[in-house]
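Structure file start_7.txt; described as compact mmCIF, C-alpha atoms.
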```txt
# COMPACT_ATOMS: atom_id res chain seq x y z
CA MET A 653 -192.30 2.92 75.54
CA GLU A 654 -191.80 2.04 79.20
CA MET A 655 -188.28 2.00 80.54
CA ARG A 656 -186.89 -1.20 82.00
CA LEU A 657 -186.55 -0.71 85.69
CA ASP A 658 -186.08 -3.75 87.87
CA ASN A 659 -187.19 -3.98 91.48
CA LYS A 660 -183.64 -3.74 92.78
CA GLN A 661 -182.96 -0.46 90.98
CA PHE A 662 -186.26 0.97 92.06
CA GLU A 663 -185.73 -0.08 95.70
CA LYS A 664 -182.32 1.60 95.64
CA ILE A 665 -183.88 4.95 94.81
CA ILE A 666 -186.99 4.56 96.90
CA GLU A 667 -185.03 3.74 100.07
CA ASN A 668 -183.32 7.14 99.74
CA ILE A 669 -186.54 9.12 99.51
CA LYS A 670 -188.32 10.19 102.67
CA PHE A 671 -192.04 9.90 102.07
CA ASN A 672 -194.13 11.67 104.71
CA ASP A 673 -196.57 10.01 107.10
CA GLN A 674 -199.17 9.97 104.31
CA GLY A 675 -196.69 8.18 102.04
CA LEU A 676 -196.19 11.26 99.86
CA VAL A 677 -193.32 13.45 98.72
CA PRO A 678 -193.76 16.98 97.27
CA VAL A 679 -192.53 17.36 93.70
CA ILE A 680 -191.70 20.70 92.07
CA ILE A 681 -192.23 20.76 88.31
CA GLN A 682 -190.08 23.17 86.31
CA ASP A 683 -189.95 23.84 82.55
CA TYR A 684 -186.65 22.39 81.27
CA LYS A 685 -186.08 25.20 78.76
CA THR A 686 -187.17 28.34 80.62
CA ASP A 687 -186.77 27.16 84.25
CA LYS A 688 -190.24 28.54 84.96
CA VAL A 689 -191.82 26.77 87.95
CA LEU A 690 -195.04 25.24 86.65
CA MET A 691 -196.60 23.47 89.63
CA LEU A 692 -196.13 21.53 92.84
CA ALA A 693 -197.83 18.17 93.30
CA TYR A 694 -197.37 15.01 95.35
CA MET A 695 -196.14 11.52 94.48
CA ASN A 696 -196.50 8.27 96.34
CA LYS A 697 -194.17 5.35 95.55
CA GLU A 698 -196.41 4.11 92.76
CA ALA A 699 -196.59 7.54 91.10
CA PHE A 700 -192.82 7.88 91.33
CA LEU A 701 -192.29 4.43 89.80
CA LYS A 702 -194.74 5.23 86.98
CA THR A 703 -192.95 8.54 86.36
CA LEU A 704 -189.55 6.84 86.17
CA SER A 705 -190.72 3.98 83.98
CA THR A 706 -192.91 5.93 81.52
CA LYS A 707 -190.91 9.20 81.58
CA LYS A 708 -194.23 11.04 81.97
CA THR A 709 -195.16 12.65 85.28
CA HIS A 710 -197.69 10.83 87.46
CA PHE A 711 -198.98 12.13 90.78
CA TYR A 712 -201.16 11.10 93.67
CA SER A 713 -204.22 13.29 94.08
CA ARG A 714 -204.92 13.96 97.76
CA SER A 715 -208.47 15.17 97.02
CA ARG A 716 -209.44 12.37 94.63
CA LYS A 717 -207.31 9.81 96.51
CA LYS A 718 -205.95 8.24 93.33
CA LEU A 719 -203.00 8.09 90.98
CA TRP A 720 -203.24 10.28 87.90
CA MET A 721 -201.08 11.04 84.90
CA LYS A 722 -200.62 14.76 84.33
CA GLY A 723 -202.38 15.55 81.05
CA GLU A 724 -204.54 12.43 81.00
CA GLN A 725 -207.61 14.57 80.22
CA SER A 726 -206.14 17.71 78.68
CA GLY A 727 -203.40 16.03 76.65
CA ASN A 728 -200.94 18.41 78.31
CA ILE A 729 -198.58 15.68 79.48
CA GLN A 730 -195.14 16.38 80.94
CA LYS A 731 -192.17 14.55 79.45
CA VAL A 732 -189.49 14.02 82.08
CA LYS A 733 -186.08 15.49 81.30
CA ASP A 734 -184.16 15.51 84.60
CA ILE A 735 -184.91 14.49 88.17
CA TYR A 736 -183.22 16.02 91.22
CA ILE A 737 -183.51 15.27 94.93
CA ASP A 738 -182.90 17.70 97.78
CA CYS A 739 -180.42 17.54 100.66
CA ASP A 740 -182.97 16.15 103.11
CA ASN A 741 -184.32 13.56 100.63
CA ASP A 742 -187.82 14.84 101.22
CA CYS A 743 -188.49 16.88 98.09
CA ILE A 744 -188.07 16.15 94.39
CA LEU A 745 -187.56 18.55 91.48
CA ILE A 746 -188.36 17.45 87.94
CA LYS A 747 -187.55 19.39 84.81
CA VAL A 748 -190.08 18.62 82.08
CA ASN A 749 -191.05 19.32 78.53
CA GLN A 750 -194.57 20.64 79.07
CA ILE A 751 -196.70 19.58 76.11
CA GLY A 752 -199.37 22.18 75.18
CA LYS A 753 -197.41 24.93 77.02
CA ALA A 754 -199.85 24.98 79.97
CA ALA A 755 -199.49 23.07 83.21
CA CYS A 756 -202.38 24.53 85.20
CA HIS A 757 -205.92 23.13 85.04
CA THR A 758 -207.16 26.75 84.97
CA GLY A 759 -205.55 27.19 81.54
CA TYR A 760 -202.56 29.24 82.68
CA GLU A 761 -199.01 28.27 81.83
CA SER A 762 -198.06 27.96 85.49
CA CYS A 763 -200.14 27.22 88.58
CA PHE A 764 -198.35 30.21 90.15
CA PHE A 765 -200.16 32.70 87.93
CA ARG A 766 -201.00 35.18 90.73
CA LYS A 767 -198.56 37.51 92.41
CA ILE A 768 -199.05 39.22 95.77
CA THR A 769 -198.86 42.95 95.11
CA LYS A 770 -197.51 45.72 97.34
CA ASN A 771 -201.10 46.44 98.36
CA PHE A 772 -201.52 42.79 99.35
CA ASP A 773 -203.84 41.96 96.50
CA PHE A 774 -203.52 39.02 94.14
CA LYS A 775 -202.73 40.04 90.57
CA ILE A 776 -202.78 37.70 87.58
CA VAL A 777 -199.39 37.89 85.90
CA ASP A 778 -199.34 34.82 83.67
CA LYS A 779 -200.53 33.91 80.20
CA LYS A 780 -203.80 32.03 79.73
CA ILE A 781 -203.13 29.33 77.18
CA PHE A 782 -206.43 27.46 76.99
CA ASP A 783 -210.06 27.66 78.09
CA PRO A 784 -210.60 24.95 80.74
CA GLN A 785 -214.31 24.66 79.90
CA LYS A 786 -213.40 23.48 76.42
CA VAL A 787 -210.72 21.09 77.61
CA TYR A 788 -212.27 19.39 80.65
CA LYS A 789 -215.69 17.92 80.01
CA MET B 800 -186.59 48.12 108.18
CA GLU B 801 -189.85 46.30 108.78
CA MET B 802 -192.72 46.97 106.43
CA ARG B 803 -195.95 48.39 107.81
CA LEU B 804 -198.54 45.68 107.56
CA ASP B 805 -201.74 46.06 109.54
CA ASN B 806 -203.80 43.15 110.82
CA LYS B 807 -206.52 43.71 108.25
CA GLN B 808 -204.12 43.49 105.32
CA PHE B 809 -202.46 40.42 106.75
CA GLU B 810 -205.79 38.70 107.43
CA LYS B 811 -206.83 39.40 103.84
CA ILE B 812 -203.89 37.40 102.52
CA ILE B 813 -203.89 34.74 105.21
CA GLU B 814 -207.55 33.86 104.67
CA ASN B 815 -206.70 32.99 101.07
CA ILE B 816 -203.91 30.57 101.95
CA LYS B 817 -204.71 26.96 102.76
CA PHE B 818 -202.42 25.86 105.55
CA ASN B 819 -202.36 22.08 106.05
CA ASP B 820 -203.47 20.22 109.16
CA GLN B 821 -200.12 21.02 110.76
CA GLY B 822 -200.65 24.72 110.05
CA LEU B 823 -197.99 24.77 107.34
CA VAL B 824 -197.73 25.65 103.65
CA PRO B 825 -194.87 24.51 101.38
CA VAL B 826 -192.83 27.35 99.89
CA ILE B 827 -190.62 27.03 96.82
CA ILE B 828 -187.64 29.38 96.79
CA GLN B 829 -186.28 30.43 93.42
CA ASP B 830 -183.38 32.73 92.51
CA TYR B 831 -184.89 35.91 91.05
CA LYS B 832 -182.15 36.37 88.46
CA THR B 833 -181.45 32.85 87.21
CA ASP B 834 -184.79 31.16 88.09
CA LYS B 835 -182.80 28.32 89.65
CA VAL B 836 -184.86 26.48 92.29
CA LEU B 837 -182.91 26.80 95.53
CA MET B 838 -184.99 24.99 98.14
CA LEU B 839 -188.38 24.03 99.47
CA ALA B 840 -189.32 24.78 103.06
CA TYR B 841 -192.46 25.32 105.13
CA MET B 842 -194.08 28.41 106.62
CA ASN B 843 -196.70 28.76 109.32
CA LYS B 844 -198.70 31.97 109.63
CA GLU B 845 -196.09 33.61 111.82
CA ALA B 846 -193.25 32.77 109.41
CA PHE B 847 -195.30 34.12 106.51
CA LEU B 848 -196.05 37.36 108.40
CA LYS B 849 -192.37 37.78 109.32
CA THR B 850 -191.40 37.19 105.68
CA LEU B 851 -193.86 39.81 104.44
CA SER B 852 -192.97 42.40 107.06
CA THR B 853 -189.17 42.04 107.01
CA LYS B 854 -188.80 41.08 103.32
CA LYS B 855 -186.46 38.30 104.43
CA THR B 856 -187.57 34.66 104.28
CA HIS B 857 -188.57 33.00 107.55
CA PHE B 858 -189.65 29.37 107.86
CA TYR B 859 -190.99 26.93 110.39
CA SER B 860 -188.62 24.06 111.08
CA ARG B 861 -190.55 20.81 111.45
CA SER B 862 -187.56 19.05 113.06
CA ARG B 863 -186.63 21.82 115.50
CA LYS B 864 -190.26 22.89 115.93
CA LYS B 865 -189.46 26.58 115.76
CA LEU B 866 -189.46 29.65 113.56
CA TRP B 867 -186.15 30.48 111.92
CA MET B 868 -184.84 33.13 109.57
CA LYS B 869 -183.00 31.70 106.59
CA GLY B 870 -179.36 32.74 106.98
CA GLU B 871 -179.58 33.53 110.69
CA GLN B 872 -176.39 31.50 111.30
CA SER B 873 -174.65 31.50 107.93
CA GLY B 874 -175.47 35.08 106.98
CA ASN B 875 -176.91 33.74 103.72
CA ILE B 876 -180.23 35.49 104.03
CA GLN B 877 -182.80 35.64 101.25
CA LYS B 878 -184.19 39.04 100.28
CA VAL B 879 -187.74 38.71 98.99
CA LYS B 880 -188.35 40.00 95.47
CA ASP B 881 -191.72 38.53 94.41
CA ILE B 882 -194.32 36.26 95.99
CA TYR B 883 -196.71 34.05 94.01
CA ILE B 884 -199.52 31.74 95.07
CA ASP B 885 -200.75 28.68 93.22
CA CYS B 886 -204.22 27.89 91.83
CA ASP B 887 -205.20 25.78 94.85
CA ASN B 888 -203.92 28.35 97.38
CA ASP B 889 -201.85 25.63 99.03
CA CYS B 890 -198.34 26.38 97.78
CA ILE B 891 -196.27 29.58 97.63
CA LEU B 892 -193.41 30.50 95.33
CA ILE B 893 -190.95 33.22 96.34
CA LYS B 894 -188.27 34.72 94.12
CA VAL B 895 -185.33 35.89 96.19
CA ASN B 896 -181.97 37.54 96.06
CA GLN B 897 -179.86 34.83 97.71
CA ILE B 898 -177.09 36.53 99.65
CA GLY B 899 -173.83 34.53 99.67
CA LYS B 900 -174.93 32.61 96.54
CA ALA B 901 -175.67 29.44 98.50
CA ALA B 902 -179.04 28.38 99.88
CA CYS B 903 -178.22 24.86 101.10
CA HIS B 904 -176.84 24.15 104.57
CA THR B 905 -174.47 21.63 102.91
CA GLY B 906 -172.72 24.53 101.14
CA TYR B 907 -174.21 23.94 97.69
CA GLU B 908 -175.95 26.68 95.76
CA SER B 909 -179.21 24.72 95.65
CA CYS B 910 -180.62 22.02 97.93
CA PHE B 911 -181.34 20.09 94.71
CA PHE B 912 -177.66 19.43 94.05
CA ARG B 913 -178.08 15.74 93.18
CA LYS B 914 -179.52 14.35 89.97
CA ILE B 915 -180.87 10.86 89.45
CA THR B 916 -178.80 9.32 86.64
CA LYS B 917 -179.85 6.86 83.95
CA ASN B 918 -178.34 4.11 86.10
CA PHE B 919 -180.48 5.25 89.04
CA ASP B 920 -177.58 6.64 91.02
CA PHE B 921 -177.39 10.08 92.63
CA LYS B 922 -174.83 12.35 91.02
CA ILE B 923 -173.74 15.71 92.41
CA VAL B 924 -174.28 18.32 89.69
CA ASP B 925 -174.11 21.61 91.58
CA LYS B 926 -171.41 23.99 92.74
CA LYS B 927 -170.17 23.89 96.34
CA ILE B 928 -169.96 27.50 97.50
CA PHE B 929 -168.88 27.16 101.16
CA ASP B 930 -167.60 24.63 103.69
CA PRO B 931 -170.41 24.05 106.22
CA GLN B 932 -167.94 23.10 108.97
CA LYS B 933 -166.50 26.59 108.83
CA VAL B 934 -169.89 28.31 108.71
CA TYR B 935 -171.97 26.41 111.28
CA LYS B 936 -170.29 26.12 114.66
```
Starting from the file, give its structure as structure tokens.
Amino acid sequence: MEMRLDNKQFEKIIENIKFNDQGLVPVIIQDYKTDKVLMLAYMNKEAFLKTLSTKKTHFYSRSRKKLWMKGEQSGNIQKVKDIYIDCDNDCILIKVNQIGKAACHTGYESCFFRKITKNFDFKIVDKKIFDPQKVYK
Amino acid sequence: MEMRLDNKQFEKIIENIKFNDQGLVPVIIQDYKTDKVLMLAYMNKEAFLKTLSTKKTHFYSRSRKKLWMKGEQSGNIQKVKDIYIDCDNDCILIKVNQIGKAACHTGYESCFFRKITKNFDFKIVDKKIFDPQKVYK
């Protein structure tokens, strides 16, 4: 069910967000129960409007140059719980209910599944939830 | 005390990070105890090296066009606990011990101190820790 959101309400929010020179704003996605940071992605105005109206996260892919709904292929959608904006109005934080427990396209719970060790190596520290080869065809 | 970090070790990490066309990478800062997201800022290679070697966060200010250490004026430095990198190598997450309990220059604990309400207003939901007029002169 899409939320009713008239142009005036949307303009009121949009005018307070500083989109960069590519028309994008970075968005941090955090699990609403555990506060684990799941990913960072970018929204343009359309993606932000879609996110507000559907209550499911939508982003703008810089590589594919198109709008996408998180989970459109995997089914691992993100239901929006709370939206925050930072002091400079140039970053957004969204707490979500991550369906399927995994946010990352690699199958890990979080995109930040590697830690930099004391020896300056990358070590996998997160749980693998699904096999991407079975999910993305 | 600065950490010993030779050029080879640093190059090994740096070559795995995708800096954008401005030479920057977005960095999410999270409290290591509570997992609260405190801020998002940007690092260039120099800021990242300084952060690794001193174990205190350093950023590149896009507005002032210079390197800065978080807390250099306020004393509210961030001691680095853990560093993570995302699947695309284009975003970093750092868990920190936030000295002085406040990360935001406005005096709030987090830069994300405003929530977007159901009526599409911004509501302050965070604690104010200090008065910025007394801290920044």
Pick out the residues sitting within 9 Å of Ile751 of chain A, and hand them over as a list in words; count only C-alpha atoms, and ignore anything fewer than 3 positions along from it in its own chain.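 Returned residues: Gly723, Gly727, Asn728, Ile729, Gln730, Lys731, Val748, Ala754 and Ala755 of chain A.
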Could the residues of chain A that have an atom at most 6 Å from chain B be listed as a Markdown table, each with its closest atom pair and the distance in Å to one decimal, counting all atoms listed in the file and ordered by chain and ascending residue number?
```
| residue | atom | partner | partner_atom | distance |
| --- | --- | --- | --- | --- |
| A:Asp687 | CA | B:Asp834 | CA | 5.9 |
| A:Ile735 | CA | B:Ile915 | CA | 5.6 |
| A:Tyr736 | CA | B:Lys914 | CA | 4.2 |
| A:Ile737 | CA | B:Phe911 | CA | 5.3 |
| A:Asp738 | CA | B:Phe911 | CA | 4.2 |
| A:Cys739 | CA | B:Cys910 | CA | 5.3 |
| A:Cys763 | CA | B:Asp885 | CA | 4.9 |
| A:Phe764 | CA | B:Asp885 | CA | 4.2 |
| A:Arg766 | CA | B:Tyr883 | CA | 5.5 |
| A:Lys767 | CA | B:Tyr883 | CA | 4.2 |
| A:Ile768 | CA | B:Ile882 | CA | 5.6 |
```
Shell around Asn696 of chain A at 7 Å using only C-alpha atoms, local window under 5 positions removed, as a PyMOL selection string: chain A and resi 675-677+712
Could you turn the residues from that selection into a file that holds C-alpha atoms, as a short mmCIF file (atom, residue, chain, number, x, y, z; two decimals), in the coordinates of the input?
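Okay, part_18.cif is ready:
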```
data_model
loop_
_atom_site.label_atom_id
_atom_site.label_comp_id
_atom_site.auth_asym_id
_atom_site.auth_seq_id
_atom_site.Cartn_x
_atom_site.Cartn_y
_atom_site.Cartn_z
CA GLY A 675 -196.69 8.18 102.04
CA LEU A 676 -196.19 11.26 99.86
CA VAL A 677 -193.32 13.45 98.72
CA TYR A 712 -201.16 11.10 93.67
#
```
By how many Å are atom CA of Lys832 of chain B and atom CA of Asn896 of chain B apart?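 Result for atom CA of Lys832 of chain B versus atom CA of Asn896 of chain B: 7.7 Å, one decimal.
Interatomic distance, atom CA of His857 of chain B to atom CA of Glu810 of chain B: 18.1 Å.
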Find the spatial neighbours of Gly906 of chain B, counting only C-alpha atoms, within a cut-off of 10 Å - ignore same-chain residues fewer than 5 positions away - and output them as number ranges by chain. B: 873, 900-901, 926-932, 934
One decimal, in Å: what's the spacing between atom CA of Ser860 of chain B and atom CA of Tyr841 of chain B?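 Pair atom CA of Ser860 of chain B / atom CA of Tyr841 of chain B returns 7.2 Å.
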